[in-house]
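Heads up: the structure comes next, in C-alpha cells.
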Amino acid sequence: MQLINMTTYSSCAKKLLFVYYLFIISSCCIFNFSYGRNLNPNFKVKAVNLGGWLITEGWIKPSLFDGIPNKDFLDGTGLQFKSVTVGKYLCAELGGGNIIVANRTDASGWETFKIWRINSTTFNFRVFNKEFVGIDGSGNVVAVQNKAGISETFEIVRNSDDPNRVRIKSTNGFFLQVKTEELVTADNGGNGGWGNDDPSVFIIKTSGRLEGEFQITNGYGPIMAPQVMREHWRTYIVEEDFKFIASNGLNAVRIPIGWWIASDPTPPKPYVGGSLLALDNAFLWARKYGLKVIIDLHAAPGSQNPWEHSSNRDGTIEWGKTDDTIQQTVEVIDFLTARYAKNPSLYAVELINEPLAPEVTLDMVKKLYQDGYNAVRKHSSTAYVVMSNRLGSPDATELLTFASGLKGSVIDVHYYNLFSDIYDNMSVQQNLDYVNTNRTAQLNTVTQSNGPLTFVGEWVAEWQVRDATKEDYQKYANAQLEVFGRATFGWAYWTLKNVNNHWSMEWMIKNGYIKL
C-alpha cells in the first residue's frame, strides 16, 4: 500500500483519511479472520469422492486383504455352524441371553454368530441380541455376557483337507460338542476324526461379511497393518490424480476420513497412524491445482450405520447411544477444522456421513449438527457445514427448519438407482424417466429458497440395466448431471477409482462415457 503525505491535506481531509484508514485496517482484520474467502452460493461444486483411500472399502480394492491369514474370518463375518451328528444348526435360544442349542434345520439371525477377531485363529462370537457365547460353570455353552472375557474366547480349528469342517476349542482346553439338540457343552477331548460321527465337528457357512478399516487393520495386526496401510495411502491417490481431476472439469474433492485421524500418529487399536499425513498432502495438491476440499467424516466413533465404510466392527450401530460418542465426534470436527481453516482449499466440512434411521434418531443428529457447526465456526466463518440427511428417514425435509437458522449450512442427499429391488427390472428409458421425474421432485423437496443449500454428495452412472450401450450410459450420466446440477451447493460423483475401473469417474472420463 502506498503511503500518503498527510502534510498536503487540510484538517478536514486528514480526518476523512484517518476514518478511511480505520476502515481499511478493519477490513483487513475481517479478511484475515475469514482467510480471504466468503460464503459463495454462486460457486457450484463439481466434485469426486476419493473413496477407498483414507477409509477402506473392500469392494474398491479387494487385493488389500489378500495377505491376511484366515481372511474369511474377519471381524463382523457371520458364521453358521451345522452339527455333523444331528444335522442341525447351532442357535442362540431367543436370540441371546440363554443357552446355545443345536435344533434348527435352517439358519437365519439367531443361528448366525458374528466374529470378533482376536488373532487369526482365536475369536469371540456375538449373537443376535449382542451377547457373547461363553461357557458357564457347568461346562454348558450359553450366550449371556454383554462383554467378552476369557470364558467367551474360542479357537477355531480347521480341517486341513476341508477348511469348512471345524472344531471350536474353549479356553478350558476342551472342544464344543453337541450331545443332544438341546444340550451343547464344552467337554470334548477332540481326539476323534473329522467324520460325520464326531459330535465336535461342525460344517461352517458364511452369512455376511464386512471389509472396512476395522477389518483390515485388525486382520493384519499391529506389525503388518501399518506397513500395508501406509503403502496404500502413499500409492492409491497421488498428486497426478489431483492434476487429472482439475484438468477434466471438476473443481473439488470430497475426502472420506475416519474419526481416528484426530489421534494420529497413535490412534487407538486396531487403527494405525499415517492417514493424517496423507490428508495433509491432499490439501497441498488441492491448493496447487486449484481444487476445493470437502472433508467428510465418513466413520464416526461407534459407527453411525452398519456398513464397512463407517468402520463398523460387526454391523452394530453404537454411535449416538451415549453423549460420549457425539462429543468425541465434535472433537474430531474441531481438530480437523482448526488444522485446515487457514488453508484456502478448505471449502466445507461434512459432520457425519449417512447416519441410519431409526437407530440414529433425529435428536442425535441435531445435537451433533449444532455442536459440530459451532466447532467449525470457532475456527472458520467461511467453511460450509454439510449435514447428511438420515438414510431411511421417512421425511427428507426433517432438517430444513433446523439448518435454515445456520448460515452456510448444506443438506447432503445421496441418490443411487441401486441397492433396492425397485430398480432391478427398469429399462434404460425407465431409469432416465426416474432421474428426470423422481429425482427432480426429491431434490426440489429439500431445496427451499430461504433454506440451506443442497448437495448431492454421492451419485453414480451405474444401474441394473443389462446389455446397455455406451450411448445409453452417456444418456444416463448426462441426465443425472442435468438434474443434480440444480442442487444449490453442487454434487460429488461416488468414487474416482475402483478395482474394475468401471463406472469410476476416472474410467468414465477416459473412455468417453461422461464429459463435464
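Starting from 1 in every chain, residues are counted up; chains themselves are A, B, ... following the order of the C-alpha cells, and ligands are numbered from 1 as listed.
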Can you list, as a ChimeraX atom specification, every protein, DNA or RNA residue that comes within 12 Å of Pro62 of chain A when you count only C-alpha atoms, leaving out same-chain residues fewer than 2 positions away? /A:52,56-60,64-68,71,210-212,216,498-500
Please, could you write that set of residues out with N, CA, C and O atoms as a PDB file, in the first residue's frame?
```pdb
ATOM      1  N   GLY A  52     -12.217 -45.206  -0.797  1.00  0.00           N
ATOM      2  CA  GLY A  52     -11.277 -46.316  -0.735  1.00  0.00           C
ATOM      3  C   GLY A  52      -9.853 -45.917  -0.428  1.00  0.00           C
ATOM      4  O   GLY A  52      -8.946 -46.751  -0.503  1.00  0.00           O
ATOM      5  N   THR A  56     -11.122 -47.520   4.232  1.00  0.00           N
ATOM      6  CA  THR A  56     -11.087 -48.749   3.450  1.00  0.00           C
ATOM      7  C   THR A  56     -12.496 -49.235   3.136  1.00  0.00           C
ATOM      8  O   THR A  56     -13.360 -49.297   4.012  1.00  0.00           O
ATOM      9  N   GLU A  57     -12.714 -49.581   1.862  1.00  0.00           N
ATOM     10  CA  GLU A  57     -13.916 -50.299   1.437  1.00  0.00           C
ATOM     11  C   GLU A  57     -13.442 -51.441   0.549  1.00  0.00           C
ATOM     12  O   GLU A  57     -12.884 -51.217  -0.522  1.00  0.00           O
ATOM     13  N   GLY A  58     -13.646 -52.660   1.009  1.00  0.00           N
ATOM     14  CA  GLY A  58     -13.058 -53.823   0.359  1.00  0.00           C
ATOM     15  C   GLY A  58     -13.418 -53.976  -1.101  1.00  0.00           C
ATOM     16  O   GLY A  58     -12.592 -54.436  -1.907  1.00  0.00           O
ATOM     17  N   TRP A  59     -14.626 -53.591  -1.495  1.00  0.00           N
ATOM     18  CA  TRP A  59     -15.031 -53.762  -2.887  1.00  0.00           C
ATOM     19  C   TRP A  59     -14.225 -52.863  -3.813  1.00  0.00           C
ATOM     20  O   TRP A  59     -14.084 -53.165  -5.004  1.00  0.00           O
ATOM     21  N   ILE A  60     -13.693 -51.756  -3.297  1.00  0.00           N
ATOM     22  CA  ILE A  60     -12.946 -50.829  -4.146  1.00  0.00           C
ATOM     23  C   ILE A  60     -11.567 -51.405  -4.491  1.00  0.00           C
ATOM     24  O   ILE A  60     -11.107 -51.301  -5.627  1.00  0.00           O
ATOM     25  N   LEU A  64      -6.196 -55.536  -1.160  1.00  0.00           N
ATOM     26  CA  LEU A  64      -5.628 -55.080   0.115  1.00  0.00           C
ATOM     27  C   LEU A  64      -5.734 -56.152   1.193  1.00  0.00           C
ATOM     28  O   LEU A  64      -4.938 -56.185   2.123  1.00  0.00           O
ATOM     29  N   PHE A  65      -6.716 -57.021   1.072  1.00  0.00           N
ATOM     30  CA  PHE A  65      -6.971 -58.016   2.114  1.00  0.00           C
ATOM     31  C   PHE A  65      -6.258 -59.344   1.857  1.00  0.00           C
ATOM     32  O   PHE A  65      -6.333 -60.251   2.693  1.00  0.00           O
ATOM     33  N   ASP A  66      -5.560 -59.455   0.728  1.00  0.00           N
ATOM     34  CA  ASP A  66      -5.048 -60.760   0.315  1.00  0.00           C
ATOM     35  C   ASP A  66      -4.039 -61.361   1.280  1.00  0.00           C
ATOM     36  O   ASP A  66      -3.935 -62.584   1.389  1.00  0.00           O
ATOM     37  N   GLY A  67      -3.281 -60.529   1.989  1.00  0.00           N
ATOM     38  CA  GLY A  67      -2.233 -61.055   2.858  1.00  0.00           C
ATOM     39  C   GLY A  67      -2.686 -61.398   4.269  1.00  0.00           C
ATOM     40  O   GLY A  67      -1.861 -61.798   5.104  1.00  0.00           O
ATOM     41  N   ILE A  68      -3.975 -61.270   4.560  1.00  0.00           N
ATOM     42  CA  ILE A  68      -4.462 -61.542   5.915  1.00  0.00           C
ATOM     43  C   ILE A  68      -4.645 -63.042   6.109  1.00  0.00           C
ATOM     44  O   ILE A  68      -5.347 -63.698   5.333  1.00  0.00           O
ATOM     45  N   LYS A  71      -8.386 -64.897   6.057  1.00  0.00           N
ATOM     46  CA  LYS A  71      -9.056 -63.647   5.711  1.00  0.00           C
ATOM     47  C   LYS A  71     -10.569 -63.801   5.572  1.00  0.00           C
ATOM     48  O   LYS A  71     -11.284 -62.806   5.478  1.00  0.00           O
ATOM     49  N   LEU A 210     -17.920 -58.043   6.401  1.00  0.00           N
ATOM     50  CA  LEU A 210     -17.537 -56.646   6.279  1.00  0.00           C
ATOM     51  C   LEU A 210     -16.064 -56.577   5.900  1.00  0.00           C
ATOM     52  O   LEU A 210     -15.255 -57.388   6.372  1.00  0.00           O
ATOM     53  N   GLU A 211     -15.721 -55.599   5.053  1.00  0.00           N
ATOM     54  CA  GLU A 211     -14.321 -55.384   4.679  1.00  0.00           C
ATOM     55  C   GLU A 211     -14.030 -53.889   4.738  1.00  0.00           C
ATOM     56  O   GLU A 211     -13.953 -53.208   3.721  1.00  0.00           O
ATOM     57  N   GLY A 212     -13.891 -53.405   5.956  1.00  0.00           N
ATOM     58  CA  GLY A 212     -13.628 -51.990   6.181  1.00  0.00           C
ATOM     59  C   GLY A 212     -12.321 -51.773   6.903  1.00  0.00           C
ATOM     60  O   GLY A 212     -11.476 -52.673   7.025  1.00  0.00           O
ATOM     61  N   ILE A 216      -9.486 -54.635   8.149  1.00  0.00           N
ATOM     62  CA  ILE A 216      -8.152 -54.762   7.553  1.00  0.00           C
ATOM     63  C   ILE A 216      -7.054 -54.524   8.588  1.00  0.00           C
ATOM     64  O   ILE A 216      -6.051 -55.234   8.608  1.00  0.00           O
ATOM     65  N   ASN A 498     -11.957 -47.544  -8.745  1.00  0.00           N
ATOM     66  CA  ASN A 498     -12.285 -48.797  -8.075  1.00  0.00           C
ATOM     67  C   ASN A 498     -11.583 -49.924  -8.801  1.00  0.00           C
ATOM     68  O   ASN A 498     -10.992 -49.715  -9.865  1.00  0.00           O
ATOM     69  N   VAL A 499     -11.667 -51.126  -8.271  1.00  0.00           N
ATOM     70  CA  VAL A 499     -10.824 -52.213  -8.761  1.00  0.00           C
ATOM     71  C   VAL A 499     -11.098 -52.548 -10.217  1.00  0.00           C
ATOM     72  O   VAL A 499     -10.192 -52.835 -10.993  1.00  0.00           O
ATOM     73  N   ASN A 500     -12.359 -52.509 -10.634  1.00  0.00           N
ATOM     74  CA  ASN A 500     -12.696 -52.843 -12.012  1.00  0.00           C
ATOM     75  C   ASN A 500     -12.655 -51.626 -12.935  1.00  0.00           C
ATOM     76  O   ASN A 500     -12.787 -51.767 -14.147  1.00  0.00           O
TER      77      ASN A 500
END
```
Quick one: residues within 12 Å of Tyr493 of chain A, only C-alpha atoms, excluding same-chain residues fewer than 2 positions away - as number ranges by chain? A: 45-51, 245, 250-255, 414-416, 455-462, 477, 480-481, 484-485, 490-491, 495-497, 503-506, 508-509, 514, 516
Could you please write out, as JSON, numbers by chain, every residue of segment 42-101 of chain A that DSSP assigns to helix (DSSP H, G or I)? {"A": [62, 63, 64, 65, 93, 94, 95]}
Would you give me, as a tab-separated table, each residue of segment 37-89 of chain A having an atom within 12 Å of an atom of segment 261-273 of chain A, along with its shortest atom pair and that distance in Å to one decimal, using only C-alpha atoms and sorting by chain and residue number?
```
residue	atom	partner	partner_atom	distance
A:Leu54	CA	A:Ile261	CA	9.2
A:Ile55	CA	A:Ile261	CA	10.3
A:Thr56	CA	A:Tyr271	CA	11.4
A:Asp75	CA	A:Pro270	CA	11.5
```
File of the preceding selection, N, CA, C and O atoms, as a PDB file, in the first residue's frame:
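Everything below was put into again-v3.pdb:
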```pdb
ATOM      1  N   LEU A  54      -8.571 -43.123   2.380  1.00  0.00           N
ATOM      2  CA  LEU A  54      -8.340 -42.979   3.818  1.00  0.00           C
ATOM      3  C   LEU A  54      -9.397 -43.687   4.641  1.00  0.00           C
ATOM      4  O   LEU A  54      -9.297 -43.745   5.869  1.00  0.00           O
ATOM      5  N   ILE A  55     -10.410 -44.209   3.990  1.00  0.00           N
ATOM      6  CA  ILE A  55     -11.386 -45.131   4.580  1.00  0.00           C
ATOM      7  C   ILE A  55     -11.422 -46.364   3.690  1.00  0.00           C
ATOM      8  O   ILE A  55     -11.715 -46.260   2.494  1.00  0.00           O
ATOM      9  N   THR A  56     -11.122 -47.520   4.232  1.00  0.00           N
ATOM     10  CA  THR A  56     -11.087 -48.749   3.450  1.00  0.00           C
ATOM     11  C   THR A  56     -12.496 -49.235   3.136  1.00  0.00           C
ATOM     12  O   THR A  56     -13.360 -49.297   4.012  1.00  0.00           O
ATOM     13  N   ASP A  75     -13.466 -59.579  11.380  1.00  0.00           N
ATOM     14  CA  ASP A  75     -14.467 -59.040  12.290  1.00  0.00           C
ATOM     15  C   ASP A  75     -15.779 -58.784  11.550  1.00  0.00           C
ATOM     16  O   ASP A  75     -15.794 -58.193  10.467  1.00  0.00           O
TER      17      ASP A  75
END
```
Taking the chain letters and numbering used in this document, name the residues of segment 30-252 of chain A that DSSP puts in strand (DSSP E), as a PyMOL selection string. chain A and resi 45-49+78-83+89-92+98-104+113-117+122-126+132-135+141-145+154-158+165-170+175-180+183-188+202-206+252
Nearest candidate to Arg158 of chain A (options A:Phe244, A:Phe73, A:Phe132, A:Trp116; using only C-alpha atoms):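 Checking each candidate against Arg158 of chain A, we get A:Phe73 as the closest.
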Quick one, how far is atom CA of Arg339 of chain A from atom CA of Lys378 of chain A? 12.1 Å
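In this comparison, which uses only C-alpha atoms, the residue of A:Ser345, A:Asn70, A:Asn438, A:Gln145 approaching Ile294 of chain A most closely is A:Ser345.
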Proximity of segment 205-320 of chain A to segment 349-354 of chain A: per-residue shortest pair, 6 Å limit, only C-alpha atoms, as CSV:
```
residue,atom,partner,partner_atom,distance
A:Ile294,CA,A:Val349,CA,5.6
A:Ile295,CA,A:Val349,CA,4.8
A:Asp296,CA,A:Glu350,CA,4.6
A:Leu297,CA,A:Ile352,CA,4.9
A:His298,CA,A:Asn353,CA,4.8
```
Could you save the residues just selected, with N, CA, C and O atoms, as an mmCIF file, in the first residue's frame?
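This is the output file selection.cif:
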```cif
data_model
loop_
_atom_site.group_PDB
_atom_site.id
_atom_site.type_symbol
_atom_site.label_atom_id
_atom_site.label_comp_id
_atom_site.auth_asym_id
_atom_site.auth_seq_id
_atom_site.Cartn_x
_atom_site.Cartn_y
_atom_site.Cartn_z
ATOM 1 N N ILE A 294 -13.658 -30.889 0.423
ATOM 2 C CA ILE A 294 -14.738 -31.151 1.379
ATOM 3 C C ILE A 294 -14.263 -32.293 2.264
ATOM 4 O O ILE A 294 -14.089 -33.423 1.800
ATOM 5 N N ILE A 295 -14.006 -31.986 3.530
ATOM 6 C CA ILE A 295 -13.657 -33.043 4.485
ATOM 7 C C ILE A 295 -14.942 -33.743 4.900
ATOM 8 O O ILE A 295 -15.909 -33.102 5.326
ATOM 9 N N ASP A 296 -14.968 -35.056 4.776
ATOM 10 C CA ASP A 296 -16.182 -35.840 5.034
ATOM 11 C C ASP A 296 -15.900 -36.862 6.128
ATOM 12 O O ASP A 296 -15.158 -37.828 5.897
ATOM 13 N N LEU A 297 -16.483 -36.656 7.316
ATOM 14 C CA LEU A 297 -16.314 -37.634 8.401
ATOM 15 C C LEU A 297 -17.189 -38.848 8.088
ATOM 16 O O LEU A 297 -18.360 -38.904 8.431
ATOM 17 N N HIS A 298 -16.582 -39.803 7.428
ATOM 18 C CA HIS A 298 -17.305 -40.963 6.913
ATOM 19 C C HIS A 298 -17.525 -42.025 7.991
ATOM 20 O O HIS A 298 -18.466 -42.813 7.906
#
```
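For the residues A:Ser393, A:Lys88, A:Pro163, A:Glu213, ranking by smallest atom-to-atom distance to Val228 of chain A using only C-alpha atoms places A:Glu213 first.
The shortest atom-to-atom distance to Phe123 of chain A, with only C-alpha atoms taken into account, belongs to A:Gly149 out of A:Gly372, A:Gly315, A:Gly149, A:Gly258.
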Computed interatomic separation between atom CA of Gly408 of chain A and atom CA of Tyr384 of chain A (Å):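 Interatomic distance here is 4.9 Å.
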Calculate how many Å separate atom CA of Asp323 of chain A from atom CA of Val360 of chain A, rounding to one decimal. 12.5 Å
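By only C-alpha atoms, and with residues fewer than 3 positions from Asn191 of chain A along its chain excluded, the set lying at most 10 Å from it is Phe175, Asn188, Trp194, Asp198 and Ser200 of chain A.
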Just all heavy atoms for this one: save the residues we selected as a PDB file, in the first residue's frame.
```
ATOM      1  N   PHE A 175     -13.257 -79.087  23.558  1.00  0.00           N
ATOM      2  CA  PHE A 175     -13.971 -78.664  22.369  1.00  0.00           C
ATOM      3  C   PHE A 175     -15.476 -78.705  22.595  1.00  0.00           C
ATOM      4  O   PHE A 175     -15.980 -79.534  23.378  1.00  0.00           O
ATOM      5  CB  PHE A 175     -13.611 -79.566  21.176  1.00  0.00           C
ATOM      6  CG  PHE A 175     -12.197 -79.407  20.702  1.00  0.00           C
ATOM      7  CD1 PHE A 175     -11.165 -80.139  21.286  1.00  0.00           C
ATOM      8  CD2 PHE A 175     -11.880 -78.526  19.674  1.00  0.00           C
ATOM      9  CE1 PHE A 175      -9.859 -79.995  20.855  1.00  0.00           C
ATOM     10  CE2 PHE A 175     -10.576 -78.371  19.243  1.00  0.00           C
ATOM     11  CZ  PHE A 175      -9.564 -79.104  19.831  1.00  0.00           C
ATOM     12  N   ASN A 188     -15.422 -81.966  25.128  1.00  0.00           N
ATOM     13  CA  ASN A 188     -14.955 -82.992  24.210  1.00  0.00           C
ATOM     14  C   ASN A 188     -13.443 -82.878  24.048  1.00  0.00           C
ATOM     15  O   ASN A 188     -12.906 -81.782  23.877  1.00  0.00           O
ATOM     16  CB  ASN A 188     -15.638 -82.839  22.849  1.00  0.00           C
ATOM     17  CG  ASN A 188     -15.272 -83.949  21.868  1.00  0.00           C
ATOM     18  OD1 ASN A 188     -14.184 -83.980  21.337  1.00  0.00           O
ATOM     19  ND2 ASN A 188     -16.214 -84.859  21.635  1.00  0.00           N
ATOM     20  N   TRP A 194     -12.531 -86.525  11.551  1.00  0.00           N
ATOM     21  CA  TRP A 194     -13.337 -85.437  11.018  1.00  0.00           C
ATOM     22  C   TRP A 194     -14.609 -85.961  10.343  1.00  0.00           C
ATOM     23  O   TRP A 194     -15.228 -85.263   9.539  1.00  0.00           O
ATOM     24  CB  TRP A 194     -12.522 -84.623  10.011  1.00  0.00           C
ATOM     25  CG  TRP A 194     -11.443 -83.794  10.667  1.00  0.00           C
ATOM     26  CD1 TRP A 194     -10.136 -84.120  10.796  1.00  0.00           C
ATOM     27  CD2 TRP A 194     -11.602 -82.509  11.273  1.00  0.00           C
ATOM     28  NE1 TRP A 194      -9.447 -83.125  11.458  1.00  0.00           N
ATOM     29  CE2 TRP A 194     -10.326 -82.109  11.755  1.00  0.00           C
ATOM     30  CE3 TRP A 194     -12.684 -81.648  11.478  1.00  0.00           C
ATOM     31  CZ2 TRP A 194     -10.101 -80.905  12.415  1.00  0.00           C
ATOM     32  CZ3 TRP A 194     -12.459 -80.441  12.123  1.00  0.00           C
ATOM     33  CH2 TRP A 194     -11.192 -80.070  12.582  1.00  0.00           C
ATOM     34  N   ASP A 198     -18.610 -87.596  14.574  1.00  0.00           N
ATOM     35  CA  ASP A 198     -17.941 -86.910  15.676  1.00  0.00           C
ATOM     36  C   ASP A 198     -18.771 -85.705  16.112  1.00  0.00           C
ATOM     37  O   ASP A 198     -18.954 -84.754  15.328  1.00  0.00           O
ATOM     38  CB  ASP A 198     -16.545 -86.450  15.237  1.00  0.00           C
ATOM     39  CG  ASP A 198     -15.693 -85.986  16.417  1.00  0.00           C
ATOM     40  OD1 ASP A 198     -16.188 -85.159  17.210  1.00  0.00           O
ATOM     41  OD2 ASP A 198     -14.546 -86.445  16.533  1.00  0.00           O
ATOM     42  N   SER A 200     -18.103 -83.213  17.851  1.00  0.00           N
ATOM     43  CA  SER A 200     -17.381 -81.948  17.998  1.00  0.00           C
ATOM     44  C   SER A 200     -17.078 -81.290  16.645  1.00  0.00           C
ATOM     45  O   SER A 200     -16.434 -80.238  16.596  1.00  0.00           O
ATOM     46  CB  SER A 200     -16.061 -82.157  18.756  1.00  0.00           C
ATOM     47  OG  SER A 200     -15.143 -82.911  17.984  1.00  0.00           O
TER      48      SER A 200
END
```
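The residue that comes closest to Val446 of chain A, out of A:Thr469, A:Thr488, A:Leu432, A:Val238 and on the basis of only C-alpha atoms, is A:Thr488.
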Got a sec: who's within 12 Å of Leu391 of chain A, counting only C-alpha atoms, leaving out chain neighbours fewer than 2 positions off, as a PDB file with N, CA and C atoms, in the first residue's frame?
```
ATOM      1  N   GLN A 304     -22.089 -44.964  12.735  1.00  0.00           N
ATOM      2  CA  GLN A 304     -23.415 -44.383  12.596  1.00  0.00           C
ATOM      3  C   GLN A 304     -24.301 -45.159  11.624  1.00  0.00           C
ATOM      4  N   ASN A 305     -23.756 -46.193  11.014  1.00  0.00           N
ATOM      5  CA  ASN A 305     -24.533 -47.095  10.171  1.00  0.00           C
ATOM      6  C   ASN A 305     -23.869 -48.474  10.224  1.00  0.00           C
ATOM      7  N   PRO A 306     -24.491 -49.520   9.700  1.00  0.00           N
ATOM      8  CA  PRO A 306     -23.955 -50.869   9.891  1.00  0.00           C
ATOM      9  C   PRO A 306     -22.963 -51.316   8.837  1.00  0.00           C
ATOM     10  N   ILE A 352     -20.898 -35.726   9.428  1.00  0.00           N
ATOM     11  CA  ILE A 352     -21.029 -37.182   9.519  1.00  0.00           C
ATOM     12  C   ILE A 352     -21.654 -37.662   8.216  1.00  0.00           C
ATOM     13  N   ASN A 353     -21.357 -38.883   7.813  1.00  0.00           N
ATOM     14  CA  ASN A 353     -21.875 -39.430   6.564  1.00  0.00           C
ATOM     15  C   ASN A 353     -22.919 -40.517   6.824  1.00  0.00           C
ATOM     16  N   GLU A 354     -24.073 -40.379   6.201  1.00  0.00           N
ATOM     17  CA  GLU A 354     -25.105 -41.411   6.156  1.00  0.00           C
ATOM     18  C   GLU A 354     -25.455 -42.022   7.515  1.00  0.00           C
ATOM     19  N   PRO A 355     -25.856 -41.217   8.501  1.00  0.00           N
ATOM     20  CA  PRO A 355     -26.417 -41.823   9.717  1.00  0.00           C
ATOM     21  C   PRO A 355     -27.712 -42.541   9.362  1.00  0.00           C
ATOM     22  N   LEU A 356     -27.917 -43.690   9.955  1.00  0.00           N
ATOM     23  CA  LEU A 356     -29.041 -44.544   9.561  1.00  0.00           C
ATOM     24  C   LEU A 356     -30.176 -44.476  10.567  1.00  0.00           C
ATOM     25  N   ALA A 357     -31.364 -44.095  10.092  1.00  0.00           N
ATOM     26  CA  ALA A 357     -32.572 -44.139  10.904  1.00  0.00           C
ATOM     27  C   ALA A 357     -33.128 -45.575  10.873  1.00  0.00           C
ATOM     28  N   PRO A 358     -33.855 -46.004  11.893  1.00  0.00           N
ATOM     29  CA  PRO A 358     -34.234 -45.235  13.081  1.00  0.00           C
ATOM     30  C   PRO A 358     -33.232 -45.348  14.238  1.00  0.00           C
ATOM     31  N   GLU A 359     -32.207 -46.231  14.090  1.00  0.00           N
ATOM     32  CA  GLU A 359     -31.252 -46.379  15.197  1.00  0.00           C
ATOM     33  C   GLU A 359     -30.634 -45.039  15.569  1.00  0.00           C
ATOM     34  N   VAL A 360     -30.262 -44.269  14.565  1.00  0.00           N
ATOM     35  CA  VAL A 360     -29.788 -42.909  14.820  1.00  0.00           C
ATOM     36  C   VAL A 360     -30.990 -41.983  14.744  1.00  0.00           C
ATOM     37  N   THR A 361     -31.331 -41.384  15.853  1.00  0.00           N
ATOM     38  CA  THR A 361     -32.542 -40.571  15.921  1.00  0.00           C
ATOM     39  C   THR A 361     -32.279 -39.146  15.426  1.00  0.00           C
ATOM     40  N   LEU A 362     -33.371 -38.442  15.154  1.00  0.00           N
ATOM     41  CA  LEU A 362     -33.259 -37.051  14.729  1.00  0.00           C
ATOM     42  C   LEU A 362     -32.629 -36.201  15.822  1.00  0.00           C
ATOM     43  N   VAL A 365     -28.751 -36.538  15.705  1.00  0.00           N
ATOM     44  CA  VAL A 365     -28.040 -35.803  14.662  1.00  0.00           C
ATOM     45  C   VAL A 365     -28.174 -34.293  14.865  1.00  0.00           C
ATOM     46  N   SER A 388     -25.555 -34.415   6.640  1.00  0.00           N
ATOM     47  CA  SER A 388     -26.132 -35.516   5.886  1.00  0.00           C
ATOM     48  C   SER A 388     -27.536 -35.831   6.376  1.00  0.00           C
ATOM     49  N   ASN A 389     -28.469 -35.943   5.446  1.00  0.00           N
ATOM     50  CA  ASN A 389     -29.789 -36.467   5.795  1.00  0.00           C
ATOM     51  C   ASN A 389     -29.644 -37.890   6.327  1.00  0.00           C
ATOM     52  N   SER A 393     -34.940 -42.294   6.750  1.00  0.00           N
ATOM     53  CA  SER A 393     -35.942 -41.427   7.364  1.00  0.00           C
ATOM     54  C   SER A 393     -37.110 -41.243   6.406  1.00  0.00           C
ATOM     55  N   PRO A 394     -38.337 -41.282   6.916  1.00  0.00           N
ATOM     56  CA  PRO A 394     -39.495 -41.074   6.028  1.00  0.00           C
ATOM     57  C   PRO A 394     -39.683 -39.615   5.621  1.00  0.00           C
ATOM     58  N   ASP A 395     -38.962 -38.703   6.247  1.00  0.00           N
ATOM     59  CA  ASP A 395     -39.143 -37.272   5.987  1.00  0.00           C
ATOM     60  C   ASP A 395     -37.818 -36.646   5.542  1.00  0.00           C
ATOM     61  N   ALA A 396     -37.693 -36.416   4.245  1.00  0.00           N
ATOM     62  CA  ALA A 396     -36.450 -35.842   3.707  1.00  0.00           C
ATOM     63  C   ALA A 396     -36.259 -34.390   4.110  1.00  0.00           C
ATOM     64  N   GLU A 398     -36.690 -33.168   7.231  1.00  0.00           N
ATOM     65  CA  GLU A 398     -36.672 -33.078   8.687  1.00  0.00           C
ATOM     66  C   GLU A 398     -35.608 -32.122   9.233  1.00  0.00           C
ATOM     67  N   ASP A 412     -26.981 -32.715   2.692  1.00  0.00           N
ATOM     68  CA  ASP A 412     -26.408 -33.708   1.780  1.00  0.00           C
ATOM     69  C   ASP A 412     -27.391 -34.848   1.573  1.00  0.00           C
ATOM     70  N   VAL A 413     -27.703 -35.147   0.302  1.00  0.00           N
ATOM     71  CA  VAL A 413     -28.549 -36.296  -0.053  1.00  0.00           C
ATOM     72  C   VAL A 413     -27.770 -37.167  -1.036  1.00  0.00           C
ATOM     73  N   HIS A 414     -28.018 -38.475  -0.989  1.00  0.00           N
ATOM     74  CA  HIS A 414     -27.331 -39.427  -1.860  1.00  0.00           C
ATOM     75  C   HIS A 414     -28.361 -40.155  -2.707  1.00  0.00           C
ATOM     76  N   TYR A 415     -28.135 -40.188  -4.013  1.00  0.00           N
ATOM     77  CA  TYR A 415     -29.103 -40.775  -4.942  1.00  0.00           C
ATOM     78  C   TYR A 415     -28.430 -41.857  -5.790  1.00  0.00           C
TER      79      TYR A 415
END
```
Restricting to only C-alpha atoms, whichever of A:Val465, A:Ala479, A:Ile203, A:Arg167 is closest to Met426 of chain A is A:Val465
At a cut-off of 8 Å, using only C-alpha atoms, what residues contact Val376 of chain A? Leave out same-chain residues fewer than 5 positions from it and give the result as a PyMOL selection string. chain A and resi 333-334+337-338+349+381+383+385
